[in-house]
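What follows is the content of upload_14.csv, which has CSV, C-alpha atoms:
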chain,number,residue,atom,x,y,z
A,1156,MET,CA,158.4,159.5,96.8
A,1157,PHE,CA,156.0,156.6,97.6
A,1158,PRO,CA,152.2,156.5,97.8
A,1159,LYS,CA,151.0,155.7,101.3
A,1160,ASN,CA,147.3,155.1,100.5
A,1161,ALA,CA,148.2,151.6,99.2
A,1162,TRP,CA,148.6,148.0,100.3
A,1163,TYR,CA,152.2,146.9,100.6
A,1164,VAL,CA,153.6,143.5,101.5
A,1165,ALA,CA,155.1,144.0,104.9
A,1166,CYS,CA,156.4,140.5,105.8
A,1167,THR,CA,155.6,136.8,105.6
A,1168,PRO,CA,153.8,134.9,108.4
A,1169,ASP,CA,157.0,133.0,109.5
A,1170,GLU,CA,158.7,136.4,110.3
A,1171,ILE,CA,156.2,137.0,113.2
A,1172,GLU,CA,156.1,133.4,114.4
A,1173,GLY,CA,156.3,133.6,118.2
A,1174,LYS,CA,157.8,137.1,118.3
A,1175,PRO,CA,157.1,140.7,117.1
A,1176,LEU,CA,158.9,142.1,114.0
A,1177,GLY,CA,160.0,145.6,113.7
A,1178,ARG,CA,160.1,146.9,110.1
A,1179,GLN,CA,160.3,150.4,108.5
A,1180,ILE,CA,157.8,150.8,105.6
A,1181,CYS,CA,157.2,154.0,103.7
A,1182,GLY,CA,159.2,155.8,106.3
A,1183,GLU,CA,157.0,154.5,109.1
A,1184,LYS,CA,158.5,152.4,112.0
A,1185,ILE,CA,156.0,149.6,112.5
A,1186,VAL,CA,155.9,146.5,114.7
A,1187,PHE,CA,154.0,143.5,113.5
A,1188,TYR,CA,152.8,140.6,115.7
A,1189,ARG,CA,149.9,138.2,116.3
A,1190,GLY,CA,147.4,139.6,118.7
A,1191,GLN,CA,144.2,138.2,120.1
A,1192,GLY,CA,143.0,135.0,118.4
A,1193,GLY,CA,146.2,134.9,116.3
A,1194,LYS,CA,145.0,137.9,114.2
A,1195,VAL,CA,147.9,140.0,112.8
A,1196,ALA,CA,148.3,143.4,114.4
A,1197,ALA,CA,150.5,146.4,113.4
A,1198,VAL,CA,151.2,149.4,115.6
A,1199,GLU,CA,153.8,152.2,115.8
A,1200,ASP,CA,157.1,150.8,117.0
A,1201,PHE,CA,157.3,153.3,119.8
A,1202,CYS,CA,156.5,152.7,123.5
A,1203,PRO,CA,154.5,155.7,124.8
A,1204,HIS,CA,156.3,155.4,128.2
A,1205,ARG,CA,160.0,156.0,127.3
A,1206,GLY,CA,160.1,155.7,123.5
A,1207,ALA,CA,161.7,152.2,123.4
A,1208,PRO,CA,161.0,150.1,120.3
A,1209,LEU,CA,158.1,147.8,121.0
A,1210,SER,CA,159.6,145.3,118.6
A,1211,LEU,CA,162.2,144.5,121.2
A,1212,GLY,CA,159.5,143.2,123.5
A,1213,PHE,CA,157.3,140.1,123.4
A,1214,VAL,CA,153.7,138.9,123.0
A,1215,ARG,CA,151.7,137.7,126.0
A,1216,ASP,CA,148.1,136.6,125.7
A,1217,GLY,CA,147.7,138.5,122.5
A,1218,ASN,CA,149.1,141.8,123.8
A,1219,LEU,CA,152.4,143.4,123.0
A,1220,VAL,CA,154.7,143.8,126.1
A,1221,CYS,CA,157.5,146.4,126.0
A,1222,GLY,CA,160.9,144.8,126.6
A,1223,TYR,CA,162.1,147.9,128.6
A,1224,HIS,CA,159.7,148.3,131.5
A,1225,GLY,CA,156.9,145.9,130.8
A,1226,LEU,CA,154.2,148.2,129.5
A,1227,GLU,CA,151.5,146.1,127.9
A,1228,MET,CA,149.8,147.4,124.7
A,1229,GLY,CA,146.6,146.4,123.0
A,1230,CYS,CA,146.3,145.8,119.3
A,1231,GLU,CA,144.8,149.3,118.7
A,1232,GLY,CA,147.7,151.1,120.3
A,1233,LYS,CA,146.1,151.6,123.7
A,1234,ALA,CA,148.2,151.1,126.9
A,1235,ILE,CA,146.6,148.3,129.0
A,1236,SER,CA,148.7,147.8,132.1
A,1237,MET,CA,152.1,148.0,133.6
A,1238,PRO,CA,153.4,146.4,136.8
A,1239,GLY,CA,152.6,148.7,139.8
A,1240,GLN,CA,151.6,151.6,137.5
A,1241,ARG,CA,148.5,153.3,136.2
A,1242,VAL,CA,148.8,153.7,132.4
A,1243,ARG,CA,145.3,153.5,131.0
A,1244,GLY,CA,145.4,157.3,130.6
A,1245,PHE,CA,148.3,157.2,128.2
A,1246,PRO,CA,147.6,158.5,124.7
A,1247,CYS,CA,147.2,155.8,122.0
A,1248,ILE,CA,150.0,155.2,119.6
A,1249,ARG,CA,149.2,154.8,115.9
A,1250,SER,CA,147.8,151.5,114.7
A,1251,TYR,CA,147.8,150.4,111.0
A,1252,PRO,CA,145.3,148.5,108.9
A,1253,VAL,CA,146.8,145.1,108.2
A,1254,GLU,CA,145.6,142.0,106.4
A,1255,GLU,CA,146.9,138.4,106.1
A,1256,ARG,CA,146.3,137.1,102.6
A,1257,TYR,CA,147.9,134.9,99.9
A,1258,GLY,CA,150.7,133.9,102.2
A,1259,PHE,CA,151.8,137.5,102.9
A,1260,ILE,CA,151.0,140.1,105.5
A,1261,TRP,CA,149.9,143.5,104.0
A,1262,VAL,CA,149.9,146.9,105.6
A,1263,TRP,CA,148.4,150.2,104.7
A,1264,THR,CA,150.5,153.2,105.9
A,1265,GLY,CA,148.2,156.0,104.7
A,1266,ASP,CA,144.7,157.3,105.7
A,1267,LYS,CA,143.2,154.6,107.8
A,1268,GLU,CA,139.6,155.3,106.7
A,1269,ALA,CA,140.6,154.7,103.0
A,1270,ALA,CA,142.0,151.2,103.6
A,1271,ASP,CA,139.9,148.7,101.7
A,1272,PRO,CA,141.1,145.1,101.8
A,1273,ALA,CA,139.2,144.4,98.6
A,1274,THR,CA,141.8,146.4,96.7
A,1275,ILE,CA,144.7,144.1,97.6
A,1276,HIS,CA,146.2,142.8,94.4
A,1277,HIS,CA,144.6,139.5,93.5
A,1278,LEU,CA,146.9,136.5,93.3
A,1279,GLU,CA,145.2,133.6,91.5
A,1280,TRP,CA,148.2,131.3,91.8
A,1281,ALA,CA,148.2,131.7,95.6
A,1282,GLU,CA,144.8,130.1,96.0
A,1283,ASN,CA,145.1,127.4,93.3
A,1284,PRO,CA,146.4,124.0,94.3
A,1285,GLU,CA,147.7,123.4,90.7
A,1286,TRP,CA,150.3,126.1,91.4
A,1287,ALA,CA,153.4,126.0,93.6
A,1288,TYR,CA,155.3,129.0,95.0
A,1289,GLY,CA,158.8,129.5,96.4
A,1290,GLY,CA,160.4,132.8,97.2
A,1291,GLY,CA,162.5,135.0,99.5
A,1292,LEU,CA,163.2,138.5,100.8
A,1293,TYR,CA,166.1,140.9,100.1
A,1294,HIS,CA,166.7,144.3,101.7
A,1295,ILE,CA,168.1,146.5,98.9
A,1296,ASN,CA,169.7,149.9,99.3
A,1297,CYS,CA,168.2,151.8,96.4
A,1298,ASP,CA,165.1,153.8,95.5
A,1299,TYR,CA,162.2,151.3,95.0
A,1300,ARG,CA,161.5,152.9,91.6
A,1301,LEU,CA,164.9,151.7,90.3
A,1302,MET,CA,163.8,148.2,91.0
A,1303,VAL,CA,160.6,148.8,89.1
A,1304,ASP,CA,162.7,150.1,86.2
A,1305,ASN,CA,164.8,147.0,86.3
A,1306,LEU,CA,161.9,144.6,86.2
A,1307,MET,CA,160.0,146.5,83.4
A,1308,ASP,CA,163.0,146.3,81.1
A,1309,LEU,CA,164.6,142.8,81.0
A,1310,THR,CA,167.2,143.8,78.4
A,1311,HIS,CA,169.7,143.8,81.3
A,1312,GLU,CA,169.4,140.0,81.6
A,1313,THR,CA,171.9,139.5,78.7
A,1314,TYR,CA,174.6,141.2,80.8
A,1315,VAL,CA,173.7,141.0,84.5
A,1316,HIS,CA,172.5,137.4,84.3
A,1317,ALA,CA,174.7,136.1,81.5
A,1318,SER,CA,175.3,132.7,83.2
A,1319,SER,CA,171.6,131.9,84.0
A,1320,ILE,CA,168.8,133.6,82.0
A,1321,GLY,CA,170.6,136.0,79.8
A,1322,GLN,CA,171.2,135.5,76.0
A,1323,LYS,CA,171.9,137.7,73.1
A,1324,GLU,CA,168.5,137.1,71.5
A,1325,ILE,CA,166.9,139.3,74.3
A,1326,ASP,CA,168.8,142.3,72.8
A,1327,GLU,CA,167.6,141.4,69.3
A,1328,ALA,CA,163.9,140.9,70.0
A,1329,PRO,CA,161.6,144.0,69.8
A,1330,VAL,CA,159.8,145.2,72.9
A,1331,THR,CA,156.2,146.3,73.0
A,1332,THR,CA,154.8,148.5,75.8
A,1333,LYS,CA,151.2,149.4,76.4
A,1334,VAL,CA,149.2,151.0,79.2
A,1335,GLU,CA,145.9,149.3,80.2
A,1336,GLY,CA,144.2,151.6,82.8
A,1337,GLU,CA,146.7,151.7,85.7
A,1338,GLN,CA,148.6,148.6,84.5
A,1339,VAL,CA,151.7,148.8,82.3
A,1340,VAL,CA,152.5,145.8,80.2
A,1341,THR,CA,155.9,145.3,78.5
A,1342,SER,CA,156.3,142.2,76.2
A,1343,ARG,CA,159.1,140.5,74.4
A,1344,PHE,CA,158.8,137.2,72.4
A,1345,MET,CA,161.7,135.3,71.0
A,1346,GLU,CA,161.3,132.4,68.5
A,1347,ASN,CA,163.4,129.4,67.6
A,1348,ILE,CA,166.3,130.0,70.0
A,1349,MET,CA,168.3,127.8,72.3
A,1350,PRO,CA,167.2,127.9,76.0
A,1351,PRO,CA,169.7,129.5,78.5
A,1352,PRO,CA,170.8,127.4,81.6
A,1353,PHE,CA,168.0,128.4,83.9
A,1354,TRP,CA,165.3,127.4,81.4
A,1355,GLN,CA,167.2,124.3,80.4
A,1356,ALA,CA,166.8,123.2,84.1
A,1357,ALA,CA,163.1,124.2,84.1
A,1358,LEU,CA,162.5,122.1,81.0
A,1359,ARG,CA,164.2,119.1,82.6
A,1360,GLY,CA,162.2,119.7,85.7
A,1361,ASN,CA,159.0,119.4,83.6
A,1362,GLY,CA,160.2,116.3,81.9
A,1363,LEU,CA,161.0,118.0,78.6
A,1364,ALA,CA,164.0,117.9,76.4
A,1365,ASP,CA,166.4,120.8,77.2
A,1366,ASN,CA,168.7,120.7,74.1
A,1367,VAL,CA,166.2,121.7,71.4
A,1368,PRO,CA,165.2,125.1,70.1
A,1369,VAL,CA,162.4,126.9,72.0
A,1370,ASP,CA,160.1,129.9,71.7
A,1371,ARG,CA,160.6,132.2,74.8
A,1372,TRP,CA,158.4,135.0,76.2
A,1373,GLN,CA,158.6,137.7,78.8
A,1374,ILE,CA,155.5,139.7,79.7
A,1375,CYS,CA,156.0,142.2,82.5
A,1376,ARG,CA,153.0,143.7,84.3
A,1377,PHE,CA,153.3,146.6,86.6
A,1378,ASN,CA,150.5,147.4,89.1
A,1379,ALA,CA,150.5,150.4,91.4
A,1380,PRO,CA,151.9,151.1,93.8
A,1381,SER,CA,154.9,148.9,93.1
A,1382,HIS,CA,154.0,145.3,92.2
A,1383,VAL,CA,155.4,143.6,89.1
A,1384,MET,CA,154.3,140.2,87.9
A,1385,ILE,CA,156.3,138.7,85.0
A,1386,GLU,CA,155.0,135.8,82.9
A,1387,VAL,CA,158.0,134.0,81.6
A,1388,GLY,CA,158.6,130.7,79.9
A,1389,VAL,CA,159.8,128.6,77.0
A,1390,ALA,CA,158.0,126.1,74.8
A,1391,HIS,CA,159.5,123.7,72.3
A,1392,ALA,CA,159.7,125.6,69.0
A,1393,GLY,CA,156.8,125.3,66.7
A,1394,LYS,CA,154.3,124.2,69.4
A,1395,GLY,CA,152.5,127.5,69.8
A,1396,GLY,CA,155.0,129.5,72.0
A,1397,TYR,CA,153.1,131.3,74.8
A,1398,HIS,CA,149.9,129.5,73.8
A,1399,ALA,CA,151.5,126.1,73.6
A,1400,PRO,CA,149.8,123.2,75.4
A,1401,ALA,CA,151.2,122.5,78.9
A,1402,GLU,CA,152.9,119.3,77.8
A,1403,HIS,CA,155.2,121.3,75.5
A,1404,LYS,CA,156.4,124.1,77.8
A,1405,ALA,CA,157.8,125.3,81.1
A,1406,SER,CA,156.2,128.6,82.3
A,1407,SER,CA,156.0,130.6,85.5
A,1408,ILE,CA,155.1,133.9,87.0
A,1409,VAL,CA,158.0,135.8,88.5
A,1410,VAL,CA,156.5,137.5,91.6
A,1411,ASP,CA,157.9,140.9,92.7
A,1412,PHE,CA,156.5,142.9,95.6
A,1413,ILE,CA,158.6,146.0,96.1
A,1414,THR,CA,157.9,147.7,99.4
A,1415,PRO,CA,159.6,151.1,100.1
A,1416,GLU,CA,161.5,151.5,103.3
A,1417,THR,CA,163.1,154.9,102.9
A,1418,GLU,CA,163.8,157.1,99.9
A,1419,THR,CA,166.9,155.0,99.1
A,1420,SER,CA,166.0,151.6,100.3
A,1421,HIS,CA,163.3,149.0,100.0
A,1422,TRP,CA,162.2,145.5,100.9
A,1423,TYR,CA,162.1,143.1,97.9
A,1424,PHE,CA,159.8,140.1,98.2
A,1425,TRP,CA,160.7,137.9,95.2
A,1426,GLY,CA,159.5,134.5,94.1
A,1427,MET,CA,158.3,132.3,91.3
A,1428,ALA,CA,154.9,130.6,90.9
A,1429,ARG,CA,154.6,127.7,88.5
A,1430,ASN,CA,151.8,125.5,87.3
A,1431,PHE,CA,153.9,122.4,86.5
A,1432,LYS,CA,154.7,119.6,89.0
A,1433,PRO,CA,153.3,121.7,91.9
A,1434,GLN,CA,153.8,118.9,94.4
A,1435,ASP,CA,157.6,118.6,93.7
A,1436,ALA,CA,159.1,120.3,96.7
A,1437,GLU,CA,162.6,119.5,95.5
A,1438,LEU,CA,162.0,121.3,92.2
A,1439,THR,CA,160.5,124.3,94.2
A,1440,ASN,CA,163.7,124.5,96.2
A,1441,THR,CA,165.9,124.2,93.2
A,1442,ILE,CA,164.1,127.0,91.4
A,1443,ARG,CA,164.1,129.2,94.5
A,1444,GLU,CA,167.9,128.7,94.9
A,1445,GLY,CA,168.6,129.6,91.3
A,1446,GLN,CA,166.2,132.6,91.3
A,1447,GLY,CA,167.8,133.8,94.6
A,1448,LYS,CA,171.2,134.0,92.9
A,1449,ILE,CA,169.8,135.8,89.9
A,1450,PHE,CA,168.1,138.5,92.1
A,1451,GLY,CA,171.3,138.8,94.1
A,1452,GLU,CA,173.0,139.9,90.9
A,1453,ASP,CA,170.3,142.6,90.5
A,1454,ARG,CA,170.9,143.8,94.1
A,1455,GLU,CA,174.6,144.4,93.5
A,1456,MET,CA,173.9,146.4,90.3
A,1457,LEU,CA,171.0,148.4,91.7
A,1458,GLU,CA,172.8,149.4,94.9
A,1459,LEU,CA,175.9,150.6,93.0
A,1460,GLN,CA,173.6,152.4,90.6
A,1461,GLN,CA,172.0,154.2,93.5
A,1462,GLN,CA,175.3,155.3,94.9
A,1463,ASN,CA,176.3,156.8,91.5
A,1464,ILE,CA,173.0,158.7,91.3
A,1465,LEU,CA,173.4,160.1,94.7
A,1466,ARG,CA,177.0,161.0,93.9
A,1467,HIS,CA,175.9,162.9,90.7
A,1468,PRO,CA,172.4,164.4,91.4
A,1469,GLU,CA,172.9,166.9,88.7
A,1470,ARG,CA,173.1,164.3,85.9
A,1471,LYS,CA,169.9,163.5,84.0
A,1472,LEU,CA,169.5,159.8,83.2
A,1473,LEU,CA,168.9,159.1,79.5
A,1474,MET,CA,165.8,157.2,78.2
A,1475,LEU,CA,165.6,154.8,75.3
A,1476,ASN,CA,162.7,152.8,73.8
A,1477,ILE,CA,163.5,149.9,76.1
A,1478,ASP,CA,162.8,152.2,79.1
A,1479,ALA,CA,159.2,152.8,78.1
A,1480,GLY,CA,157.8,150.3,80.7
A,1481,GLY,CA,159.7,152.0,83.6
A,1482,VAL,CA,158.7,155.4,82.3
A,1483,GLN,CA,155.0,154.6,82.1
A,1484,SER,CA,155.1,152.9,85.5
A,1485,ARG,CA,156.7,156.0,87.1
A,1486,ARG,CA,154.0,158.1,85.5
A,1487,ILE,CA,151.3,156.1,87.2
A,1488,ILE,CA,153.2,156.3,90.6
A,1489,ASP,CA,153.4,160.1,90.1
A,1490,GLN,CA,149.6,160.2,89.5
A,1491,TRP,CA,149.0,158.4,92.7
A,1492,LEU,CA,151.3,160.8,94.6
A,1493,SER,CA,149.5,163.8,93.0
A,1494,LYS,CA,146.1,162.5,94.1
A,1495,GLU,CA,147.4,162.1,97.7
A,1496,GLN,CA,148.9,165.5,97.8
A,1497,MET,CA,145.7,167.1,96.4
A,1498,LYS,CA,143.7,165.4,99.2
A,1499,GLU,CA,146.3,166.5,101.8
A,1500,PHE,CA,146.1,170.2,100.8
A,1501,ALA,CA,142.4,170.3,100.0
A,1502,PRO,CA,140.6,172.9,102.2

As a first step, turn the structure in this file into structure tokens.
Amino acid sequence: MFPKNAWYVACTPDEIEGKPLGRQICGEKIVFYRGQGGKVAAVEDFCPHRGAPLSLGFVRDGNLVCGYHGLEMGCEGKAISMPGQRVRGFPCIRSYPVEERYGFIWVWTGDKEAADPATIHHLEWAENPEWAYGGGLYHINCDYRLMVDNLMDLTHETYVHASSIGQKEIDEAPVTTKVEGEQVVTSRFMENIMPPPFWQAALRGNGLADNVPVDRWQICRFNAPSHVMIEVGVAHAGKGGYHAPAEHKASSIVVDFITPETETSHWYFWGMARNFKPQDAELTNTIREGQGKIFGEDREMLELQQQNILRHPERKLLMLNIDAGGVQSRRIIDQWLSKEQMKEFAP
């Protein structure tokens, strides 16, 4: 159900600060920690001695020490030492390619030889001091593809997020979906409307009037295996909309990294990057708090949706024109899966 020959966001650096972190990704139980020289390492969360989770241990001098009997493991999955025992002949456990970049730790759960760090999704805003970022992590009990569907069709905002970013004009605005290589883009533009509460706050945060008509846009971009970046914003009406000068608008990129855990659960790394008042830490916290509540509403809906689907596996879900972004995104995911299966079964 999920491609393994791909880079996924595994965790953030603070999650492995001073201790190992156990996390299941694409069905693989993995432990992440800082090894020699502070470099991130990732190995199978399985002690070769008695099968205990290595994530319950600790890090000493860059090596991972099992919390059960003290077996010391190297970053490549090789047993190094154990008090009073000879363990260097133990078979290696699996290690995983891992990279620290853009404020995230990325892991590759597939063919080790195919892992190329150059293919990690580029994040311009993460390297540009004119941008600020704030985000968080949710564990969500649903198929990761349901989250992709959710993010590639923002019609639900009118109903799920009625008190924050939803408004009836979203329903009324036409949706355009196109495929550019392996990227799917779904766009919606709304003109001369009043901003909803979340965007009123964003306008105020950028020193702009919040009680005047605006032009609003939503441009959702899916990149395989499961990353969705959404350009969102509002500009005072008549100033050029999406192309308006910075002094007339409040715009951001909604950041969505969706990392499969199991067939019915995933890790959702959410956040918002903005290019106005990047040094304003209070504004960053305010936006993060508001966005966290919004995504909490998504979580409730998606988890109950997953339960319904599992309860009625015989029912076929219906598709409308607003579902085109999710349909095309799933098509690309299926293409990635087919390529992996062809390599797996090739003679």

Give me the region 1441-1489 of chain A side of the contact with region 1370-1380 of chain A, cut-off 8 Å, one line per residue showing its nearest atom pair and distance in Å at one decimal, counting all atoms listed in the file, sorted by chain and residue number, as CSV.
residue,atom,partner,partner_atom,distance
A:Ser1484,CA,A:Phe1377,CA,6.6
A:Ile1487,CA,A:Ala1379,CA,7.1
A:Ile1488,CA,A:Pro1380,CA,6.2

Which residues are close to Gly1388 (chain A), i.e. within 12 Å by all atoms listed in the file, leaving aside same-chain residues fewer than 3 positions away? Reply as a ChimeraX atom specification. /A:1320,1343-1346,1350-1351,1353-1358,1361,1369-1374,1385,1391,1396-1399,1401,1403-1409,1427-1431

Do a neighbour search on region 1289-1301 of chain A at 6 Å with only C-alpha atoms, toss out local chain neighbours closer than 6 positions, and write the hits as a PyMOL selection string. chain A and resi 1415+1418-1427+1439+1443+1458+1461

For a quick check of your reading of the model, name the residues lying within 12 Å of the coordinate (154.5, 150.6, 80.0), counting only C-alpha atoms, and write them as a VMD selection string. chain A and resid 1303 to 1304 1306 to 1308 1330 to 1342 1374 to 1378 1383 1476 to 1487

Name the residues in contact with region 1163-1180 of chain A at a cut-off of 7 Å, using all atoms listed in the file, excluding same-chain residues fewer than 6 positions from it; report them as a ChimeraX atom specification. /A:1186-1188,1200,1210,1213-1214,1258-1263,1412,1414-1416

Point out the residue among A:Arg1241, A:Arg1454, A:His1467, A:Lys1498 with the least atom-to-atom distance to Val1315 (chain A), counting all atoms listed in the file. A:Arg1454

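Using all atoms listed in the file for every distance, the candidate list A:Pro1284, A:Gly1244, A:Lys1471, A:Tyr1257 yields A:Pro1284 as the residue closest to Gln1434 (chain A).
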
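When CA of Val1389 (chain A) is paired with CA of Met1474 (chain A), their separation reads 29.2 Å.
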
Around (158.7, 154.0, 126.5) in the file's own coordinates, what residues are found within 10 Å if you use all atoms listed in the file, given back as a list of chain:residue names? A:Phe1201, A:Cys1202, A:Pro1203, A:His1204, A:Arg1205, A:Gly1206, A:Ala1207, A:Pro1208, A:Leu1209, A:Cys1221, A:Gly1222, A:Tyr1223, A:His1224, A:Gly1225, A:Leu1226
